>>> print(open('run.txt').read())   # compact mmCIF, C-alpha atoms
# COMPACT_ATOMS: atom_id res chain seq x y z
CA MET P 23 15.53 -6.03 -10.76
CA GLY P 24 12.41 -6.07 -12.93
CA ARG P 25 10.02 -4.73 -10.27
CA GLN P 26 7.30 -2.52 -11.72
CA PRO P 27 6.86 0.67 -9.65
CA MET P 28 3.58 1.06 -7.79
CA ILE P 29 1.82 4.20 -6.63
CA ALA P 30 -1.14 3.49 -4.35
CA GLY P 31 -3.44 6.17 -2.99
CA ASN P 32 -4.96 5.70 0.45
CA TRP P 33 -7.97 8.02 0.52
CA LYS P 34 -8.73 7.25 4.19
CA MET P 35 -12.14 8.62 5.30
CA TYR P 36 -12.44 11.15 2.49
CA LYS P 37 -14.62 11.37 -0.63
CA LYS P 38 -18.25 10.35 -0.88
CA ALA P 39 -19.25 8.07 -3.76
CA GLY P 40 -19.92 10.82 -6.30
CA GLU P 41 -16.80 12.75 -5.36
CA ALA P 42 -14.73 9.59 -5.65
CA ALA P 43 -15.99 8.88 -9.16
CA ILE P 44 -15.13 12.42 -10.27
CA LEU P 45 -11.65 12.17 -8.74
CA VAL P 46 -10.92 8.94 -10.62
CA GLN P 47 -12.17 10.42 -13.87
CA ASN P 48 -9.89 13.44 -13.37
CA MET P 49 -6.96 11.14 -12.62
CA GLU P 50 -7.65 9.15 -15.76
CA GLU P 51 -6.86 12.10 -18.01
CA LEU P 52 -3.56 12.74 -16.23
CA VAL P 53 -2.16 9.23 -15.77
CA GLU P 54 -3.53 7.35 -18.77
CA GLU P 55 -0.25 7.33 -20.70
CA HIS P 56 1.69 5.98 -17.70
CA TRP P 57 -0.32 2.80 -16.98
CA HIS P 58 2.13 0.57 -18.83
CA ASP P 59 5.07 1.78 -16.76
CA VAL P 60 3.58 2.19 -13.26
CA ASP P 61 0.97 0.14 -11.40
CA ILE P 62 -1.53 2.73 -10.17
CA VAL P 63 -3.92 1.80 -7.36
CA VAL P 64 -6.65 3.81 -5.63
CA CYS P 65 -8.09 2.82 -2.24
CA PRO P 66 -11.33 4.73 -1.57
CA PRO P 67 -13.57 4.28 1.48
CA PHE P 68 -15.89 1.26 1.43
CA THR P 69 -18.89 3.38 0.46
CA ALA P 70 -17.12 4.63 -2.68
CA LEU P 71 -15.71 1.29 -3.90
CA LYS P 72 -18.74 0.57 -6.08
CA SER P 73 -18.81 3.94 -7.81
CA VAL P 74 -15.06 3.83 -8.49
CA SER P 75 -15.30 0.23 -9.69
CA VAL P 76 -18.02 1.26 -12.17
CA VAL P 77 -15.90 4.10 -13.54
CA ILE P 78 -12.90 1.81 -13.94
CA GLU P 79 -15.01 -0.79 -15.76
CA LEU P 80 -16.97 1.58 -18.00
CA ASP P 81 -13.92 3.61 -19.02
CA ARG P 82 -11.81 0.44 -19.36
CA LEU P 83 -9.13 1.86 -17.11
CA THR P 84 -6.10 -0.22 -16.16
CA LEU P 85 -6.32 1.28 -12.71
CA GLY P 86 -6.08 -1.01 -9.70
CA LEU P 87 -8.80 -0.82 -7.06
CA GLY P 88 -8.06 -1.46 -3.40
CA ALA P 89 -9.85 -1.43 -0.07
CA GLN P 90 -8.51 0.01 3.16
CA ASN P 91 -9.36 -2.89 5.45
CA VAL P 92 -10.93 -6.36 5.52
CA HIS P 93 -12.08 -9.05 7.93
CA TRP P 94 -10.47 -12.48 7.69
CA GLU P 95 -13.74 -14.44 7.73
CA THR P 96 -15.76 -14.95 4.55
CA GLU P 97 -19.07 -14.26 6.32
CA GLY P 98 -20.61 -14.23 9.77
CA ALA P 99 -21.91 -12.13 12.65
CA PHE P 100 -19.25 -9.42 12.44
CA THR P 101 -21.21 -6.19 12.51
CA GLY P 102 -19.61 -3.42 10.48
CA GLU P 103 -17.02 -5.65 8.81
CA ILE P 104 -16.31 -6.44 5.14
CA SER P 105 -15.20 -9.86 3.87
CA PRO P 106 -12.75 -10.78 1.08
CA PRO P 107 -15.53 -12.15 -1.18
CA MET P 108 -17.36 -8.82 -0.86
CA LEU P 109 -14.22 -7.05 -2.07
CA THR P 110 -13.80 -9.52 -4.91
CA GLU P 111 -17.37 -8.79 -6.05
CA LEU P 112 -16.41 -5.12 -6.32
CA ARG P 113 -13.32 -6.05 -8.38
CA CYS P 114 -10.84 -5.09 -5.68
CA GLY P 115 -7.42 -6.45 -6.52
CA TYR P 116 -5.67 -4.94 -3.50
CA CYS P 117 -6.31 -4.28 0.17
CA ILE P 118 -4.36 -2.30 2.77
CA VAL P 119 -3.80 -4.12 6.07
CA GLY P 120 -1.98 -3.13 9.23
CA HIS P 121 -2.02 0.62 8.68
CA SER P 122 -0.76 2.43 11.76
CA GLU P 123 -4.12 4.16 12.19
CA ARG P 124 -5.80 0.74 12.32
CA ARG P 125 -3.19 -0.51 14.77
CA GLU P 126 -3.31 2.54 17.06
CA MET P 127 -6.96 3.60 16.93
CA PHE P 128 -8.67 0.25 16.47
CA GLY P 129 -6.36 -2.16 18.25
CA GLU P 130 -5.30 -4.15 15.20
CA THR P 131 -2.64 -6.65 16.28
CA ASP P 132 0.10 -8.45 14.38
CA GLU P 133 -1.98 -11.63 14.67
CA ALA P 134 -4.99 -9.92 13.08
CA VAL P 135 -2.81 -8.57 10.27
CA ASN P 136 -1.52 -12.08 9.58
CA ARG P 137 -5.04 -13.53 9.46
CA LYS P 138 -6.11 -10.80 7.05
CA VAL P 139 -3.08 -11.39 4.82
CA LYS P 140 -3.89 -15.10 4.58
CA ALA P 141 -7.57 -14.43 3.88
CA LEU P 142 -6.76 -11.95 1.11
CA LEU P 143 -4.30 -14.30 -0.54
CA ALA P 144 -6.87 -17.10 -0.42
CA HIS P 145 -9.20 -14.87 -2.46
CA LYS P 146 -6.54 -13.68 -4.94
CA ILE P 147 -6.39 -10.15 -3.50
CA THR P 148 -2.93 -8.62 -3.08
CA PRO P 149 -2.27 -7.36 0.46
CA ILE P 150 -0.52 -4.03 0.92
CA VAL P 151 0.97 -4.66 4.36
CA CYS P 152 1.90 -1.55 6.35
CA VAL P 153 4.79 -1.60 8.81
CA GLY P 154 6.58 1.21 10.60
CA GLU P 155 7.85 2.66 13.83
CA THR P 156 6.65 5.34 16.24
CA ALA P 157 8.78 8.32 17.22
CA ASP P 158 9.66 6.66 20.55
CA ILE P 159 10.89 3.52 18.80
CA ARG P 160 12.91 5.60 16.37
CA GLU P 161 14.54 7.57 19.19
CA ALA P 162 15.39 4.31 20.95
CA ASP P 163 17.14 3.14 17.75
CA GLN P 164 14.82 0.13 17.49
CA THR P 165 13.30 0.86 14.07
CA GLU P 166 14.81 -2.07 12.20
CA ALA P 167 14.09 -4.58 14.98
CA VAL P 168 10.45 -3.52 15.21
CA VAL P 169 9.89 -3.45 11.46
CA ARG P 170 11.57 -6.84 11.08
CA ALA P 171 9.24 -8.28 13.73
CA GLN P 172 6.17 -6.76 12.05
CA VAL P 173 7.12 -8.27 8.69
CA LYS P 174 7.75 -11.71 10.20
CA ALA P 175 4.43 -11.67 12.04
CA ALA P 176 2.43 -10.45 9.04
CA LEU P 177 3.82 -13.10 6.70
CA GLU P 178 3.88 -16.06 9.06
CA GLY P 179 2.54 -19.25 7.50
CA ILE P 180 2.43 -18.16 3.86
CA SER P 181 4.40 -19.62 0.95
CA ALA P 182 7.41 -18.16 -0.85
CA ILE P 183 5.32 -17.67 -3.98
CA GLU P 184 2.74 -15.74 -1.97
CA ALA P 185 5.43 -13.67 -0.27
CA ALA P 186 6.84 -12.68 -3.64
CA SER P 187 3.48 -11.21 -4.67
CA ILE P 188 2.84 -9.17 -1.54
CA VAL P 189 3.41 -5.42 -1.29
CA ILE P 190 5.00 -4.05 1.88
CA ALA P 191 4.56 -0.36 2.68
CA TYR P 192 7.08 1.14 5.07
CA GLU P 193 5.31 4.02 6.80
CA PRO P 194 7.12 5.59 9.73
CA VAL P 195 4.25 6.47 12.05
CA TRP P 196 5.84 9.77 13.04
CA ALA P 197 5.85 10.90 9.38
CA ILE P 198 2.22 10.14 8.46
CA GLY P 199 0.33 13.38 7.90
CA THR P 200 2.96 15.44 9.71
CA GLY P 201 4.95 16.81 6.79
CA ARG P 202 8.06 15.23 8.32
CA THR P 203 9.93 12.51 6.45
CA PRO P 204 13.03 10.40 6.98
CA THR P 205 15.93 10.96 4.64
CA PRO P 206 15.62 8.93 1.43
CA GLU P 207 18.72 7.02 2.50
CA GLY P 208 17.16 6.28 5.89
CA ALA P 209 13.94 5.08 4.29
CA ASN P 210 15.92 2.88 1.93
CA ASP P 211 17.82 1.36 4.87
CA VAL P 212 14.51 0.21 6.32
CA ALA P 213 13.29 -0.99 2.91
CA ARG P 214 16.50 -3.00 2.61
CA THR P 215 15.83 -4.50 6.04
CA ILE P 216 12.33 -5.49 4.91
CA ARG P 217 13.72 -7.13 1.79
CA ALA P 218 16.42 -8.92 3.77
CA THR P 219 13.81 -10.21 6.22
CA ILE P 220 11.74 -11.60 3.36
CA GLY P 221 14.88 -13.15 1.91
CA ALA P 222 15.72 -14.85 5.18
CA LEU P 223 12.19 -16.22 5.49
CA PHE P 224 11.41 -17.16 1.89
CA GLY P 225 14.63 -16.98 -0.12
CA PRO P 226 16.29 -14.42 -2.43
CA PRO P 227 13.81 -14.75 -5.35
CA ALA P 228 10.89 -13.75 -3.12
CA ALA P 229 12.90 -10.87 -1.68
CA GLN P 230 13.74 -9.54 -5.13
CA SER P 231 10.16 -9.88 -6.41
CA CYS P 232 8.33 -8.35 -3.43
CA ARG P 233 7.67 -4.64 -3.84
CA VAL P 234 8.45 -2.27 -0.99
CA LEU P 235 6.77 1.13 -0.98
CA TYR P 236 7.51 4.20 1.10
CA GLY P 237 4.65 6.11 2.75
CA GLY P 238 4.50 9.11 5.05
CA SER P 239 3.96 12.68 3.82
CA VAL P 240 4.78 11.77 0.21
CA LYS P 241 4.30 14.78 -2.07
CA PRO P 242 5.20 15.72 -5.64
CA GLU P 243 8.05 17.78 -4.20
CA ASN P 244 9.80 14.90 -2.45
CA ALA P 245 8.63 11.75 -4.24
CA ALA P 246 11.49 11.50 -6.72
CA MET P 247 14.07 11.55 -3.93
CA PHE P 248 12.61 8.34 -2.51
CA PHE P 249 12.16 6.68 -5.89
CA CYS P 250 15.88 7.11 -6.61
CA GLU P 251 16.65 4.60 -3.86
CA PRO P 252 17.24 1.02 -5.05
CA ASP P 253 15.00 -0.78 -2.56
CA ILE P 254 12.02 1.58 -2.77
CA ASP P 255 9.57 0.59 -5.50
CA GLY P 256 7.00 3.35 -5.21
CA ALA P 257 4.76 4.94 -2.61
CA LEU P 258 1.62 4.59 -0.54
CA VAL P 259 0.28 8.13 -0.78
CA GLY P 260 -2.12 9.77 1.67
CA GLY P 261 -3.16 13.41 1.39
CA ALA P 262 -1.64 13.97 -2.06
CA ALA P 263 -3.78 11.12 -3.43
CA LEU P 264 -6.89 13.25 -2.90
CA ASP P 265 -5.77 15.71 -5.57
CA ALA P 266 -5.63 14.38 -9.13
CA GLU P 267 -2.77 16.63 -10.26
CA SER P 268 -0.60 15.93 -7.22
CA PHE P 269 -1.19 12.20 -7.50
CA ALA P 270 -0.38 12.26 -11.21
CA GLU P 271 2.89 14.11 -10.56
CA ILE P 272 3.93 11.36 -8.13
CA VAL P 273 3.07 8.73 -10.75
CA VAL P 274 5.22 10.56 -13.31
CA ALA P 275 8.10 10.76 -10.84
CA ALA P 276 7.94 6.99 -10.36
CA LYS P 277 7.95 6.41 -14.11
CA GLU P 278 10.89 8.73 -14.71
CA GLN P 279 13.03 7.15 -12.02
CA ASN P 280 12.34 3.70 -13.46
CA ALA P 281 13.12 4.71 -17.05
>>> encode(input="run.txt", output="structure tokens")
Amino acid sequence: MGRQPMIAGNWKMYKKAGEAAILVQNMEELVEEHWHDVDIVVCPPFTALKSVSVVIELDRLTLGLGAQNVHWETEGAFTGEISPPMLTELRCGYCIVGHSERREMFGETDEAVNRKVKALLAHKITPIVCVGETADIREADQTEAVVRAQVKAALEGISAIEAASIVIAYEPVWAIGTGRTPTPEGANDVARTIRATIGALFGPPAAQSCRVLYGGSVKPENAAMFFCEPDIDGALVGGAALDAESFAEIVVAAKEQNA
């Protein structure tokens, strides 16, 4: 298939600037030899983006830097928001959009996700688009329908070339931070649905190029099980991304399954 695995760490609201710089330096020693085989991305809080960016630049790391959110406008009276050009200035190559915590706690809609996706693409930043179902949706056997709708809404109005470059992270809401996970086969079924949806919208080449990650209580102990599945290209990691050794073990698992 030719898709390079990706391991992205979502640090959420953890790590002050100095702590973030130390964490990246510790990661460097553990993942340096794997950069050619796995795309490794870290997504610190806004206040730590600069310090992490400096470490990456000074140490000449091939580590990807991502933000956790963005506004779709380039500037304006949007108190507390961050624009795509501001992220570009900090050398962010990635940005998470549509995370379930943003959707549930801050009212982020499918329309807002779509506007953010378009804004990021316009500024050459790769969106990591999160989709996933709640426990109620899962129990009602509506997972695939809901995820399919989220993907369609997020990617509305973009080109096939743009769709091929986007990263989709399937994160079942009921698994995030709970220690519970779907079976690897179940996660792959949803990843296959995501890929099929992209194929229907943009054609088979885009579907085969787009990377689909799994997220939701990913740990060194279970990562390899998900990476064995053919439609899962890596992981969006939460808690385990805050520990250099745990994160590195997940990176190694991705490399080994792609060997």
>>> residues_around(input="run.txt", residues="region 102-116 of chain P", least_positions_apart="4", cutoff="7 Å", atoms="all atoms listed in the file", output="list of chain:residue names")
P:Leu71, P:Lys72, P:Ser75, P:Gly86, P:Leu87, P:Gly88, P:Ala89, P:Val92, P:His93, P:Trp94, P:Glu95, P:Thr96, P:Glu97, P:Ala141, P:Leu142, P:His145, P:Ile147, P:Thr148, P:Pro149, P:Ile150
>>> atom_distance(input="run.txt", atom1="CA of Lys138 (chain P)", atom2="CA of Ala191 (chain P)")
15.6 Å
>>> closest_residue(input="run.txt", among="P:Ala197, P:Cys232, P:Val173, P:Val135", to="Pro27 (chain P)", atoms="only C-alpha atoms")
P:Cys232
>>> residues_around(input="run.txt", residues="Pro226 (chain P)", least_positions_apart="6", cutoff="12 Å", atoms="all atoms listed in the file", output="list of chain:residue names")
P:Met23, P:Ala182, P:Ile183, P:Ala185, P:Ala186, P:Arg217, P:Ala218, P:Thr219, P:Ile220, P:Cys232
>>> closest_residue(input="run.txt", among="P:Glu130, P:Asp81, P:Asp61, P:Glu271", to="Ala176 (chain P)", atoms="all atoms listed in the file")
P:Glu130
